[in-house]
Amino acid sequence: MYKPIIGLEIHVELKTKLKMFCQCKADFFGKEPNTQVCPVCLGLPGALPVPNKKAIEWTIIIAKALNCQVNQITKFDRKHYFYPDLPKGYQISQYDEPIGINGFLRIYKKTDSSQIETKIFRIRRVHLEEDTGKLIHEKDTTLVDFNRSGVPLVEIVTEPDFNDSEDVKLFLEELQTVIKYLKVSDADMEKGSMRLEPNISVIKIKNQKLKIKNNTKRKEKQEEKLPNYKVEIKNINSFRFVKQAIDYELKRQIALLEQGQQPIQETRGFDSKKGITYSQRVKEQAHDYRYFPEPDIPPIRIDEFWLKKIVKIIPELPEERLNRYRQKFNLRYESAFILTRNKDLGDYFEEIIKRVLSKSPQLKIDNLPQLIANLIVNKKVSIDQPLEELEKKILEIILPKKADESLLNDVINKIIKENVKAVEDYKKGKENALMFLVGKVMKEMKGQVEGKILIEKIKNKLLNK
Ligand code: ZN
Ligand code: MN
């Protein structure tokens with residue numbers, strides 16, 4: 001029996017105006033190559049880096065949203081490696097004092113029996129670094145564009161808590177949603193502002209059942225032990241590809257183990273056309289990077305005061321919102337889930353409820369929020385429409401249509417016929433009797449009629465008689 005052990009490294013590019021350590025603009029996407037550069041981000045001798053305060057604050061926001069502990073003292077380190085897209089020969093990153101540590105993110109999962117299950121995945125660290133330049137491979141040459149060099153990049157590292165690719169996908173989707181709520185990054189995988197690197201290994205579990213019977217402790221110990229290798233897959237740019245890459249890699253590694261071979265520690269790429277991974281290079285160990293503290297940037301203190309100010313900006317996150325929609329609006333899980341996947345969608349939903357209720361306070365429809373949620377989820381209305389149009393359309397849909405008018409008349413006539421006593425009472429001046437009839441009609445119409453209109457209609461009918 002084999003148990004997959006999977007951890008994740010996610011890089012997220014911040015959408016600050018300026019780069020991490022210089023005054024160059026950070027919005028490099030689609031710009032003329034090498035037009036947003038300066039001595040600092042080109043790594044010219046003597047240039048001094050000055051950290052971008054906003055980038056630090058946004059990283060703290062991400063760390064907090066991922067339930068991390070924020071270190072009071074944080075510092076930058078140099079991570080050395082040689083590659084043409086790295087002009088300094090090192091990347092300014094964070095080594096032993098990252099901004100955030102020991103966090104977690106919860107995912108929601110539907111089980112086979114349609115129950116909602118939650119799972120927690122631990123986050124080891126959240127740190128801040130600079131992005132590298134971009135290599136553009138042409139026929140016989142490789143060109144370098146340094147516009148991306150020095151753009152603030154947040155790295156999120158999980159513990160190896162995942163055992164299957166489906167959980168990885170759900171986790172990444174939740175993480176992307178959280179980042180987008182925070183509005184600190186586009187987290188757009190096609191543009192490369194969110195990049196995914198799973199690391200994968202497999203452990204053999206021997207005679208599992210036997211051990212549980214004989215010695216539970218021994219079993220736990222064995223399960224805790226991690227394999228002595230891991231395979232890292234570089235820069236995957238879609239959730240689907242991550243799943244494919246993991247599934248392929250698990251098969252490959254299990255096949256090796258079955259043949260009595262040991263998979264080696266290495267970095268692999270993913271060929272999305274063939275759906276396979278391929279060896280790139282044997283993985284460096286941390287000491288190969290010769291990390292040491294960045295001498296040009298003093299350590300940074302994150303005090304209580306600053307932290308409190310930053311935390312205040314964090315909006316309601318998707319999970320909280322999901323729970324609120326379930327409780328306050330009594331929404332079904334699926335609707336609440338879809339509406340909270342996109343902050344704008346949820347904002348629209350709430351705005352529409354507010355508008356519909358304020359314009360038509362008489363509207364007494366059971367489960368109005370669920371009704372509106374259905375219209376949005378089933379794409380009967382689109383949030384690209386101006387709110388006024390949307391509201392009009394929703395009112396048209398949920399209020400009785402012209403075609404229902406005859407049905408309403410039939411129901412009113414029927415109720416009047418069936419409740420002779422109430423009709424007489426009303427004619428004698430008992431206002432309560434009218435409301436009794438209104439209630440009866442309303443019940444028959446399942447609330448799909450506006451109270452004010454209904455009162456008028458019944459009144460008219462009774463007085464004309
Ligand atoms: Zn620059
Ligand atoms: Mn990194």
# chains A, B, ... in the order shown; residues from 1 in each chain; ligands from 1
$ residues_around --residues "Val231 (chain A)" --least-positions-apart "5" --cutoff "10 Å" --atoms "only C-alpha atoms" --output "PyMOL selection string"
chain A and resi 6+198-202+249+253+263-268+279+282-283
$ write_last_selection --atoms "N, CA and C atoms" --output "mmCIF file, in the first residue's frame"
data_model
loop_
_atom_site.group_PDB
_atom_site.id
_atom_site.type_symbol
_atom_site.label_atom_id
_atom_site.label_comp_id
_atom_site.auth_asym_id
_atom_site.auth_seq_id
_atom_site.Cartn_x
_atom_site.Cartn_y
_atom_site.Cartn_z
ATOM 1 N N ILE A 6 2.174 14.978 -0.380
ATOM 2 C CA ILE A 6 2.271 16.117 -1.303
ATOM 3 C C ILE A 6 2.302 17.433 -0.534
ATOM 4 N N PRO A 198 4.019 21.811 -6.999
ATOM 5 C CA PRO A 198 3.800 20.744 -6.029
ATOM 6 C C PRO A 198 5.085 19.940 -5.837
ATOM 7 N N ASN A 199 5.305 19.461 -4.612
ATOM 8 C CA ASN A 199 6.371 18.475 -4.427
ATOM 9 C C ASN A 199 5.731 17.178 -3.948
ATOM 10 N N ILE A 200 6.197 16.111 -4.544
ATOM 11 C CA ILE A 200 5.475 14.846 -4.445
ATOM 12 C C ILE A 200 6.418 13.721 -4.077
ATOM 13 N N SER A 201 6.009 12.905 -3.114
ATOM 14 C CA SER A 201 6.715 11.652 -2.893
ATOM 15 C C SER A 201 5.697 10.611 -2.447
ATOM 16 N N VAL A 202 6.154 9.385 -2.395
ATOM 17 C CA VAL A 202 5.251 8.283 -2.054
ATOM 18 C C VAL A 202 5.916 7.459 -0.971
ATOM 19 N N GLU A 249 2.755 11.768 -11.699
ATOM 20 C CA GLU A 249 3.955 11.588 -10.881
ATOM 21 C C GLU A 249 3.755 10.451 -9.861
ATOM 22 N N GLN A 253 6.155 7.202 -9.714
ATOM 23 C CA GLN A 253 6.948 6.855 -8.527
ATOM 24 C C GLN A 253 6.555 5.483 -7.968
ATOM 25 N N PRO A 263 12.832 6.417 -6.264
ATOM 26 C CA PRO A 263 12.798 7.655 -7.047
ATOM 27 C C PRO A 263 13.837 8.633 -6.504
ATOM 28 N N ILE A 264 14.431 9.448 -7.368
ATOM 29 C CA ILE A 264 15.463 10.362 -6.883
ATOM 30 C C ILE A 264 14.882 11.755 -6.636
ATOM 31 N N GLN A 265 15.591 12.485 -5.783
ATOM 32 C CA GLN A 265 15.219 13.869 -5.515
ATOM 33 C C GLN A 265 15.583 14.709 -6.728
ATOM 34 N N GLU A 266 14.592 15.330 -7.345
ATOM 35 C CA GLU A 266 14.893 16.099 -8.558
ATOM 36 C C GLU A 266 13.786 17.107 -8.834
ATOM 37 N N THR A 267 14.078 18.005 -9.778
ATOM 38 C CA THR A 267 13.086 18.958 -10.248
ATOM 39 C C THR A 267 12.636 18.514 -11.624
ATOM 40 N N ARG A 268 11.316 18.466 -11.803
ATOM 41 C CA ARG A 268 10.784 18.026 -13.086
ATOM 42 C C ARG A 268 9.870 19.089 -13.673
ATOM 43 N N SER A 279 12.340 15.008 -16.401
ATOM 44 C CA SER A 279 13.409 15.444 -15.505
ATOM 45 C C SER A 279 14.049 16.735 -16.011
ATOM 46 N N VAL A 282 18.725 17.835 -10.999
ATOM 47 C CA VAL A 282 18.735 17.249 -9.674
ATOM 48 C C VAL A 282 18.619 18.385 -8.673
ATOM 49 N N LYS A 283 17.709 18.240 -7.773
ATOM 50 C CA LYS A 283 17.317 19.327 -6.873
ATOM 51 C C LYS A 283 18.431 19.779 -5.929
#
$ residues_around --residues "Arg125 (chain A)" --least-positions-apart "5" --cutoff "10 Å" --atoms "only C-alpha atoms" --output "ChimeraX atom specification"
/A:9,63,66,68-70,97-104,155-159
$ write_last_selection --atoms "N, CA, C and O atoms" --output "PDB file, in the first residue's frame"
ATOM      1  N   GLU A   9       4.199  24.684  -3.044  1.00  0.00           N
ATOM      2  CA  GLU A   9       4.830  25.997  -3.002  1.00  0.00           C
ATOM      3  C   GLU A   9       4.093  26.840  -4.014  1.00  0.00           C
ATOM      4  O   GLU A   9       3.981  26.452  -5.174  1.00  0.00           O
ATOM      5  N   ALA A  63      -0.538  36.694   5.011  1.00  0.00           N
ATOM      6  CA  ALA A  63      -0.184  35.805   6.119  1.00  0.00           C
ATOM      7  C   ALA A  63      -1.329  35.720   7.128  1.00  0.00           C
ATOM      8  O   ALA A  63      -1.713  34.639   7.574  1.00  0.00           O
ATOM      9  N   LEU A  66      -4.268  33.810   6.022  1.00  0.00           N
ATOM     10  CA  LEU A  66      -3.993  32.373   6.035  1.00  0.00           C
ATOM     11  C   LEU A  66      -3.705  31.886   7.457  1.00  0.00           C
ATOM     12  O   LEU A  66      -3.074  30.853   7.656  1.00  0.00           O
ATOM     13  N   CYS A  68      -1.768  32.800   9.784  1.00  0.00           N
ATOM     14  CA  CYS A  68      -0.378  32.674  10.214  1.00  0.00           C
ATOM     15  C   CYS A  68      -0.099  33.555  11.427  1.00  0.00           C
ATOM     16  O   CYS A  68      -0.781  34.537  11.696  1.00  0.00           O
ATOM     17  N   GLN A  69       0.961  33.178  12.098  1.00  0.00           N
ATOM     18  CA  GLN A  69       1.524  34.009  13.137  1.00  0.00           C
ATOM     19  C   GLN A  69       2.499  34.942  12.410  1.00  0.00           C
ATOM     20  O   GLN A  69       3.262  34.483  11.554  1.00  0.00           O
ATOM     21  N   VAL A  70       2.443  36.247  12.719  1.00  0.00           N
ATOM     22  CA  VAL A  70       3.345  37.189  12.043  1.00  0.00           C
ATOM     23  C   VAL A  70       4.556  37.429  12.943  1.00  0.00           C
ATOM     24  O   VAL A  70       4.406  37.779  14.118  1.00  0.00           O
ATOM     25  N   GLU A  97      13.700  34.018   8.908  1.00  0.00           N
ATOM     26  CA  GLU A  97      12.728  34.864   9.607  1.00  0.00           C
ATOM     27  C   GLU A  97      11.713  35.430   8.611  1.00  0.00           C
ATOM     28  O   GLU A  97      11.706  36.618   8.329  1.00  0.00           O
ATOM     29  N   PRO A  98      10.868  34.537   8.099  1.00  0.00           N
ATOM     30  CA  PRO A  98       9.872  34.982   7.116  1.00  0.00           C
ATOM     31  C   PRO A  98       8.803  35.829   7.796  1.00  0.00           C
ATOM     32  O   PRO A  98       8.733  35.863   9.028  1.00  0.00           O
ATOM     33  N   ILE A  99       7.975  36.471   7.022  1.00  0.00           N
ATOM     34  CA  ILE A  99       6.938  37.331   7.605  1.00  0.00           C
ATOM     35  C   ILE A  99       5.896  36.508   8.375  1.00  0.00           C
ATOM     36  O   ILE A  99       5.550  36.830   9.498  1.00  0.00           O
ATOM     37  N   GLY A 100       5.421  35.424   7.775  1.00  0.00           N
ATOM     38  CA  GLY A 100       4.388  34.627   8.454  1.00  0.00           C
ATOM     39  C   GLY A 100       4.777  33.170   8.591  1.00  0.00           C
ATOM     40  O   GLY A 100       5.437  32.613   7.719  1.00  0.00           O
ATOM     41  N   ILE A 101       4.364  32.543   9.722  1.00  0.00           N
ATOM     42  CA  ILE A 101       4.623  31.109   9.908  1.00  0.00           C
ATOM     43  C   ILE A 101       3.390  30.433  10.537  1.00  0.00           C
ATOM     44  O   ILE A 101       2.519  31.105  11.114  1.00  0.00           O
ATOM     45  N   ASN A 102       3.355  29.118  10.431  1.00  0.00           N
ATOM     46  CA  ASN A 102       2.352  28.284  11.119  1.00  0.00           C
ATOM     47  C   ASN A 102       0.899  28.693  10.888  1.00  0.00           C
ATOM     48  O   ASN A 102       0.153  28.917  11.828  1.00  0.00           O
ATOM     49  N   GLY A 103       0.508  28.767   9.652  1.00  0.00           N
ATOM     50  CA  GLY A 103      -0.892  29.086   9.350  1.00  0.00           C
ATOM     51  C   GLY A 103      -1.657  27.859   8.909  1.00  0.00           C
ATOM     52  O   GLY A 103      -1.173  26.727   9.016  1.00  0.00           O
ATOM     53  N   PHE A 104      -2.851  28.083   8.430  1.00  0.00           N
ATOM     54  CA  PHE A 104      -3.641  26.984   7.856  1.00  0.00           C
ATOM     55  C   PHE A 104      -4.734  27.562   6.968  1.00  0.00           C
ATOM     56  O   PHE A 104      -5.074  28.745   7.073  1.00  0.00           O
ATOM     57  N   GLU A 155       5.797  34.063  -1.518  1.00  0.00           N
ATOM     58  CA  GLU A 155       5.856  32.601  -1.610  1.00  0.00           C
ATOM     59  C   GLU A 155       5.126  31.991  -0.425  1.00  0.00           C
ATOM     60  O   GLU A 155       5.383  32.338   0.728  1.00  0.00           O
ATOM     61  N   ILE A 156       4.205  31.098  -0.725  1.00  0.00           N
ATOM     62  CA  ILE A 156       3.419  30.415   0.310  1.00  0.00           C
ATOM     63  C   ILE A 156       3.804  28.942   0.269  1.00  0.00           C
ATOM     64  O   ILE A 156       3.729  28.308  -0.786  1.00  0.00           O
ATOM     65  N   VAL A 157       4.245  28.409   1.406  1.00  0.00           N
ATOM     66  CA  VAL A 157       4.696  27.016   1.456  1.00  0.00           C
ATOM     67  C   VAL A 157       3.800  26.243   2.425  1.00  0.00           C
ATOM     68  O   VAL A 157       3.618  26.658   3.572  1.00  0.00           O
ATOM     69  N   THR A 158       3.239  25.145   1.971  1.00  0.00           N
ATOM     70  CA  THR A 158       2.404  24.336   2.874  1.00  0.00           C
ATOM     71  C   THR A 158       3.238  23.227   3.504  1.00  0.00           C
ATOM     72  O   THR A 158       4.343  22.927   3.054  1.00  0.00           O
ATOM     73  N   GLU A 159       2.696  22.596   4.521  1.00  0.00           N
ATOM     74  CA  GLU A 159       3.277  21.351   5.033  1.00  0.00           C
ATOM     75  C   GLU A 159       2.876  20.245   4.048  1.00  0.00           C
ATOM     76  O   GLU A 159       1.910  20.405   3.292  1.00  0.00           O
TER      77      GLU A 159
END
$ residues_near_ligand --ligand "ligand 1" --cutoff "7 Å" --atoms "only C-alpha atoms and all ligand atoms" --output "number ranges by chain"
A: 19, 22-24, 36-42, 150
$ residues_near_ligand --ligand "ligand 2" --cutoff "10 Å" --atoms "only C-alpha atoms and all ligand atoms" --output "PDB file with N, CA and C atoms, in the first residue's frame"
ATOM      1  N   GLU A   9       4.199  24.684  -3.044  1.00  0.00           N
ATOM      2  CA  GLU A   9       4.830  25.997  -3.002  1.00  0.00           C
ATOM      3  C   GLU A   9       4.093  26.840  -4.014  1.00  0.00           C
ATOM      4  N   ILE A  10       3.590  27.964  -3.560  1.00  0.00           N
ATOM      5  CA  ILE A  10       2.818  28.812  -4.474  1.00  0.00           C
ATOM      6  C   ILE A  10       3.457  30.192  -4.500  1.00  0.00           C
ATOM      7  N   HIS A  11       3.712  30.701  -5.683  1.00  0.00           N
ATOM      8  CA  HIS A  11       4.235  32.058  -5.825  1.00  0.00           C
ATOM      9  C   HIS A  11       3.119  32.968  -6.307  1.00  0.00           C
ATOM     10  N   VAL A  12       2.966  34.085  -5.649  1.00  0.00           N
ATOM     11  CA  VAL A  12       1.924  35.038  -6.013  1.00  0.00           C
ATOM     12  C   VAL A  12       2.570  36.411  -6.206  1.00  0.00           C
ATOM     13  N   LYS A  79      19.628  34.658  -1.601  1.00  0.00           N
ATOM     14  CA  LYS A  79      19.586  33.256  -2.018  1.00  0.00           C
ATOM     15  C   LYS A  79      20.352  33.165  -3.333  1.00  0.00           C
ATOM     16  N   GLN A  91      18.965  36.087  -5.385  1.00  0.00           N
ATOM     17  CA  GLN A  91      17.621  36.645  -5.272  1.00  0.00           C
ATOM     18  C   GLN A  91      17.455  37.143  -3.845  1.00  0.00           C
ATOM     19  N   ILE A  92      16.912  38.340  -3.675  1.00  0.00           N
ATOM     20  CA  ILE A  92      16.608  38.768  -2.304  1.00  0.00           C
ATOM     21  C   ILE A  92      15.311  38.077  -1.903  1.00  0.00           C
ATOM     22  N   SER A  93      15.432  37.264  -0.846  1.00  0.00           N
ATOM     23  CA  SER A  93      14.302  36.457  -0.400  1.00  0.00           C
ATOM     24  C   SER A  93      14.289  36.485   1.125  1.00  0.00           C
ATOM     25  N   GLN A  94      13.600  35.546   1.732  1.00  0.00           N
ATOM     26  CA  GLN A  94      13.614  35.464   3.197  1.00  0.00           C
ATOM     27  C   GLN A  94      13.913  34.017   3.574  1.00  0.00           C
ATOM     28  N   HIS A 127       6.459  34.083   2.819  1.00  0.00           N
ATOM     29  CA  HIS A 127       7.546  35.060   2.788  1.00  0.00           C
ATOM     30  C   HIS A 127       7.534  35.914   1.527  1.00  0.00           C
ATOM     31  N   LEU A 128       8.331  36.956   1.575  1.00  0.00           N
ATOM     32  CA  LEU A 128       8.353  37.944   0.502  1.00  0.00           C
ATOM     33  C   LEU A 128       9.704  37.912  -0.196  1.00  0.00           C
ATOM     34  N   GLU A 129       9.693  37.987  -1.507  1.00  0.00           N
ATOM     35  CA  GLU A 129      10.943  37.995  -2.265  1.00  0.00           C
ATOM     36  C   GLU A 129      10.739  38.798  -3.543  1.00  0.00           C
ATOM     37  N   GLU A 130      11.734  38.776  -4.407  1.00  0.00           N
ATOM     38  CA  GLU A 130      11.604  39.511  -5.669  1.00  0.00           C
ATOM     39  C   GLU A 130      11.507  38.521  -6.817  1.00  0.00           C
ATOM     40  N   ASP A 131      10.737  38.896  -7.828  1.00  0.00           N
ATOM     41  CA  ASP A 131      10.629  38.044  -9.009  1.00  0.00           C
ATOM     42  C   ASP A 131      11.886  38.212  -9.853  1.00  0.00           C
ATOM     43  N   THR A 132      12.102  37.284 -10.752  1.00  0.00           N
ATOM     44  CA  THR A 132      13.263  37.340 -11.638  1.00  0.00           C
ATOM     45  C   THR A 132      12.847  37.936 -12.978  1.00  0.00           C
ATOM     46  N   LEU A 153       7.109  39.383  -4.928  1.00  0.00           N
ATOM     47  CA  LEU A 153       6.608  38.029  -5.106  1.00  0.00           C
ATOM     48  C   LEU A 153       6.430  37.404  -3.718  1.00  0.00           C
ATOM     49  N   VAL A 154       5.247  36.890  -3.447  1.00  0.00           N
ATOM     50  CA  VAL A 154       5.010  36.235  -2.159  1.00  0.00           C
ATOM     51  C   VAL A 154       5.061  34.731  -2.380  1.00  0.00           C
ATOM     52  N   GLU A 155       5.797  34.063  -1.518  1.00  0.00           N
ATOM     53  CA  GLU A 155       5.856  32.601  -1.610  1.00  0.00           C
ATOM     54  C   GLU A 155       5.126  31.991  -0.425  1.00  0.00           C
ATOM     55  N   ILE A 156       4.205  31.098  -0.725  1.00  0.00           N
ATOM     56  CA  ILE A 156       3.419  30.415   0.310  1.00  0.00           C
ATOM     57  C   ILE A 156       3.804  28.942   0.269  1.00  0.00           C
ATOM     58  N   VAL A 157       4.245  28.409   1.406  1.00  0.00           N
ATOM     59  CA  VAL A 157       4.696  27.016   1.456  1.00  0.00           C
ATOM     60  C   VAL A 157       3.800  26.243   2.425  1.00  0.00           C
ATOM     61  N   GLU A 197       3.874  25.004  -7.625  1.00  0.00           N
ATOM     62  CA  GLU A 197       4.914  23.986  -7.634  1.00  0.00           C
ATOM     63  C   GLU A 197       4.623  22.923  -6.580  1.00  0.00           C
TER      64      GLU A 197
END
$ select_by_dssp --residues "region 370-414 of chain A" --states "alpha helix (DSSP H)" --output "PyMOL selection string"
chain A and resi 370-377+387-398+404-414
$ atom_distance --atom1 "CA of Asn235 (chain A)" --atom2 "CA of Lys191 (chain A)"
12.1 Å
$ atom_distance --atom1 "CA of His137 (chain A)" --atom2 "CA of Tyr278 (chain A)"
18.9 Å
$ residues_around --residues "region 165-170 of chain A" --least-positions-apart "4" --cutoff "8 Å" --atoms "only C-alpha atoms" --output "ChimeraX atom specification"
/A:107-109,174,239-240,242-243,246-247
$ write_last_selection --atoms "N, CA, C and O atoms" --output "PDB file, in the first residue's frame"
ATOM      1  N   ILE A 107     -10.556  23.807   3.645  1.00  0.00           N
ATOM      2  CA  ILE A 107     -11.328  23.609   2.416  1.00  0.00           C
ATOM      3  C   ILE A 107     -12.640  22.904   2.740  1.00  0.00           C
ATOM      4  O   ILE A 107     -12.750  22.214   3.752  1.00  0.00           O
ATOM      5  N   TYR A 108     -13.615  23.122   1.885  1.00  0.00           N
ATOM      6  CA  TYR A 108     -14.917  22.478   2.013  1.00  0.00           C
ATOM      7  C   TYR A 108     -15.058  21.463   0.897  1.00  0.00           C
ATOM      8  O   TYR A 108     -14.738  21.747  -0.241  1.00  0.00           O
ATOM      9  N   LYS A 109     -15.553  20.309   1.269  1.00  0.00           N
ATOM     10  CA  LYS A 109     -15.568  19.223   0.313  1.00  0.00           C
ATOM     11  C   LYS A 109     -16.876  18.474   0.449  1.00  0.00           C
ATOM     12  O   LYS A 109     -17.330  18.206   1.556  1.00  0.00           O
ATOM     13  N   GLU A 174      -9.303  27.538  -3.268  1.00  0.00           N
ATOM     14  CA  GLU A 174      -9.650  28.337  -2.085  1.00  0.00           C
ATOM     15  C   GLU A 174      -8.601  29.438  -1.877  1.00  0.00           C
ATOM     16  O   GLU A 174      -8.938  30.591  -1.614  1.00  0.00           O
ATOM     17  N   PHE A 239      -4.878  24.772 -12.532  1.00  0.00           N
ATOM     18  CA  PHE A 239      -5.250  23.816 -11.497  1.00  0.00           C
ATOM     19  C   PHE A 239      -5.389  22.411 -12.095  1.00  0.00           C
ATOM     20  O   PHE A 239      -5.042  21.421 -11.479  1.00  0.00           O
ATOM     21  N   ARG A 240      -5.904  22.386 -13.327  1.00  0.00           N
ATOM     22  CA  ARG A 240      -6.097  21.096 -13.992  1.00  0.00           C
ATOM     23  C   ARG A 240      -4.744  20.421 -14.232  1.00  0.00           C
ATOM     24  O   ARG A 240      -4.582  19.230 -14.002  1.00  0.00           O
ATOM     25  N   VAL A 242      -2.006  20.876 -12.527  1.00  0.00           N
ATOM     26  CA  VAL A 242      -1.435  20.427 -11.248  1.00  0.00           C
ATOM     27  C   VAL A 242      -1.966  19.040 -10.924  1.00  0.00           C
ATOM     28  O   VAL A 242      -1.217  18.138 -10.550  1.00  0.00           O
ATOM     29  N   LYS A 243      -3.258  18.883 -11.109  1.00  0.00           N
ATOM     30  CA  LYS A 243      -3.886  17.594 -10.815  1.00  0.00           C
ATOM     31  C   LYS A 243      -3.302  16.511 -11.727  1.00  0.00           C
ATOM     32  O   LYS A 243      -2.909  15.441 -11.258  1.00  0.00           O
ATOM     33  N   ILE A 246       0.350  15.723 -10.762  1.00  0.00           N
ATOM     34  CA  ILE A 246       0.442  14.932  -9.530  1.00  0.00           C
ATOM     35  C   ILE A 246       0.050  13.480  -9.803  1.00  0.00           C
ATOM     36  O   ILE A 246       0.756  12.543  -9.413  1.00  0.00           O
ATOM     37  N   ASP A 247      -1.060  13.297 -10.496  1.00  0.00           N
ATOM     38  CA  ASP A 247      -1.518  11.931 -10.768  1.00  0.00           C
ATOM     39  C   ASP A 247      -0.490  11.149 -11.592  1.00  0.00           C
ATOM     40  O   ASP A 247      -0.225   9.979 -11.326  1.00  0.00           O
TER      41      ASP A 247
END
$ closest_residue --among "A:Leu135, A:Asn67, A:Lys392, A:Val184" --to "Lys17 (chain A)" --atoms "only C-alpha atoms"
A:Val184
$ residues_around --residues "Ile353 (chain A)" --least-positions-apart "6" --cutoff "9 Å" --atoms "only C-alpha atoms" --output "PDB file with N, CA and C atoms, in the first residue's frame"
ATOM      1  N   LEU A 368     -36.614  34.878  -0.145  1.00  0.00           N
ATOM      2  CA  LEU A 368     -36.235  35.802  -1.211  1.00  0.00           C
ATOM      3  C   LEU A 368     -34.743  35.692  -1.564  1.00  0.00           C
ATOM      4  N   PRO A 369     -33.838  35.654  -0.562  1.00  0.00           N
ATOM      5  CA  PRO A 369     -32.413  35.544  -0.919  1.00  0.00           C
ATOM      6  C   PRO A 369     -32.119  34.299  -1.759  1.00  0.00           C
ATOM      7  N   ILE A 372     -33.228  34.936  -5.304  1.00  0.00           N
ATOM      8  CA  ILE A 372     -32.291  35.809  -6.025  1.00  0.00           C
ATOM      9  C   ILE A 372     -30.995  35.058  -6.323  1.00  0.00           C
ATOM     10  N   GLU A 391     -31.948  44.881 -11.109  1.00  0.00           N
ATOM     11  CA  GLU A 391     -33.009  44.931 -10.104  1.00  0.00           C
ATOM     12  C   GLU A 391     -34.370  44.832 -10.778  1.00  0.00           C
TER      13      GLU A 391
END
$ atom_distance --atom1 "CA of Val356 (chain A)" --atom2 "CA of Lys440 (chain A)"
24.2 Å
$ select_by_dssp --residues "region 105-290 of chain A" --states "strand (DSSP E)" --output "MDAnalysis selection string"
chainID A and resid 105:110 116:130 134:137 142:145 152:158 194:204 231:233 266:271 276:282
$ closest_residue --among "A:Phe305, A:Asn432, A:Ile5, A:Lys273" --to "Pro160 (chain A)" --atoms "only C-alpha atoms"
A:Ile5
$ closest_residue --among "A:Glu138, A:Glu258, A:Asp303, A:Glu334" --to "Gln115 (chain A)" --atoms "only C-alpha atoms"
A:Glu334
$ residues_around --residues "Ala65 (chain A)" --least-positions-apart "5" --cutoff "8 Å" --atoms "only C-alpha atoms" --output "PDB file with all heavy atoms, in the first residue's frame"
ATOM      1  N   VAL A 178      -9.138  33.487  -1.821  1.00  0.00           N
ATOM      2  CA  VAL A 178      -8.745  34.341  -0.694  1.00  0.00           C
ATOM      3  C   VAL A 178      -7.867  35.495  -1.181  1.00  0.00           C
ATOM      4  O   VAL A 178      -8.105  36.655  -0.846  1.00  0.00           O
ATOM      5  CB  VAL A 178      -8.003  33.521   0.400  1.00  0.00           C
ATOM      6  CG1 VAL A 178      -7.366  34.438   1.434  1.00  0.00           C
ATOM      7  CG2 VAL A 178      -8.963  32.553   1.081  1.00  0.00           C
ATOM      8  N   ILE A 314      -8.240  43.931   6.357  1.00  0.00           N
ATOM      9  CA  ILE A 314      -8.630  42.620   5.821  1.00  0.00           C
ATOM     10  C   ILE A 314     -10.151  42.526   5.742  1.00  0.00           C
ATOM     11  O   ILE A 314     -10.844  42.721   6.732  1.00  0.00           O
ATOM     12  CB  ILE A 314      -8.063  41.474   6.699  1.00  0.00           C
ATOM     13  CG1 ILE A 314      -6.531  41.555   6.711  1.00  0.00           C
ATOM     14  CG2 ILE A 314      -8.532  40.117   6.188  1.00  0.00           C
ATOM     15  CD1 ILE A 314      -5.853  40.492   7.540  1.00  0.00           C
ATOM     16  N   LEU A 317     -13.625  37.288   4.652  1.00  0.00           N
ATOM     17  CA  LEU A 317     -13.041  36.310   3.730  1.00  0.00           C
ATOM     18  C   LEU A 317     -14.104  35.310   3.255  1.00  0.00           C
ATOM     19  O   LEU A 317     -15.170  35.211   3.849  1.00  0.00           O
ATOM     20  CB  LEU A 317     -11.878  35.605   4.429  1.00  0.00           C
ATOM     21  CG  LEU A 317     -10.727  36.566   4.760  1.00  0.00           C
ATOM     22  CD1 LEU A 317      -9.656  35.884   5.582  1.00  0.00           C
ATOM     23  CD2 LEU A 317     -10.122  37.139   3.476  1.00  0.00           C
TER      24      LEU A 317
END
$ closest_residue --among "A:Ile276, A:Ile73, A:Gly269, A:Lys139" --to "Lys251 (chain A)" --atoms "only C-alpha atoms"
A:Ile276
$ residues_around --residues "region 328-331 of chain A" --least-positions-apart "4" --cutoff "7 Å" --atoms "only C-alpha atoms" --output "PyMOL selection string"
chain A and resi 324+335-336+369-370
$ residues_around --residues "Lys379 (chain A)" --least-positions-apart "6" --cutoff "12 Å" --atoms "only C-alpha atoms" --output "list in words"
Ile338, Leu339, Leu345, Ile372, Ala373, Gln385, Leu390 and Ile394 of chain A
$ closest_residue --among "A:Lys230, A:Lys180, A:Lys309, A:Lys380" --to "Lys343 (chain A)" --atoms "only C-alpha atoms"
A:Lys180
$ closest_residue --among "A:Val151, A:Ile62, A:Val377, A:Val50" --to "Phe29 (chain A)" --atoms "only C-alpha atoms"
A:Val151
$ decode --residues "region 180-184 of chain A" --atoms "N, CA and C atoms" --output "mmCIF file, in the first residue's frame"
data_model
loop_
_atom_site.group_PDB
_atom_site.id
_atom_site.type_symbol
_atom_site.label_atom_id
_atom_site.label_comp_id
_atom_site.auth_asym_id
_atom_site.auth_seq_id
_atom_site.Cartn_x
_atom_site.Cartn_y
_atom_site.Cartn_z
ATOM 1 N N LYS A 180 -7.658 36.806 -4.101
ATOM 2 C CA LYS A 180 -8.429 37.758 -4.904
ATOM 3 C C LYS A 180 -9.316 38.638 -4.018
ATOM 4 N N TYR A 181 -9.877 38.071 -2.959
ATOM 5 C CA TYR A 181 -10.667 38.866 -2.006
ATOM 6 C C TYR A 181 -9.805 39.984 -1.411
ATOM 7 N N LEU A 182 -8.551 39.652 -1.150
ATOM 8 C CA LEU A 182 -7.659 40.611 -0.497
ATOM 9 C C LEU A 182 -7.245 41.738 -1.454
ATOM 10 N N LYS A 183 -7.433 41.500 -2.748
ATOM 11 C CA LYS A 183 -7.117 42.489 -3.785
ATOM 12 C C LYS A 183 -5.643 42.925 -3.761
ATOM 13 N N VAL A 184 -4.767 41.970 -3.434
ATOM 14 C CA VAL A 184 -3.337 42.279 -3.414
ATOM 15 C C VAL A 184 -2.624 41.689 -4.628
#
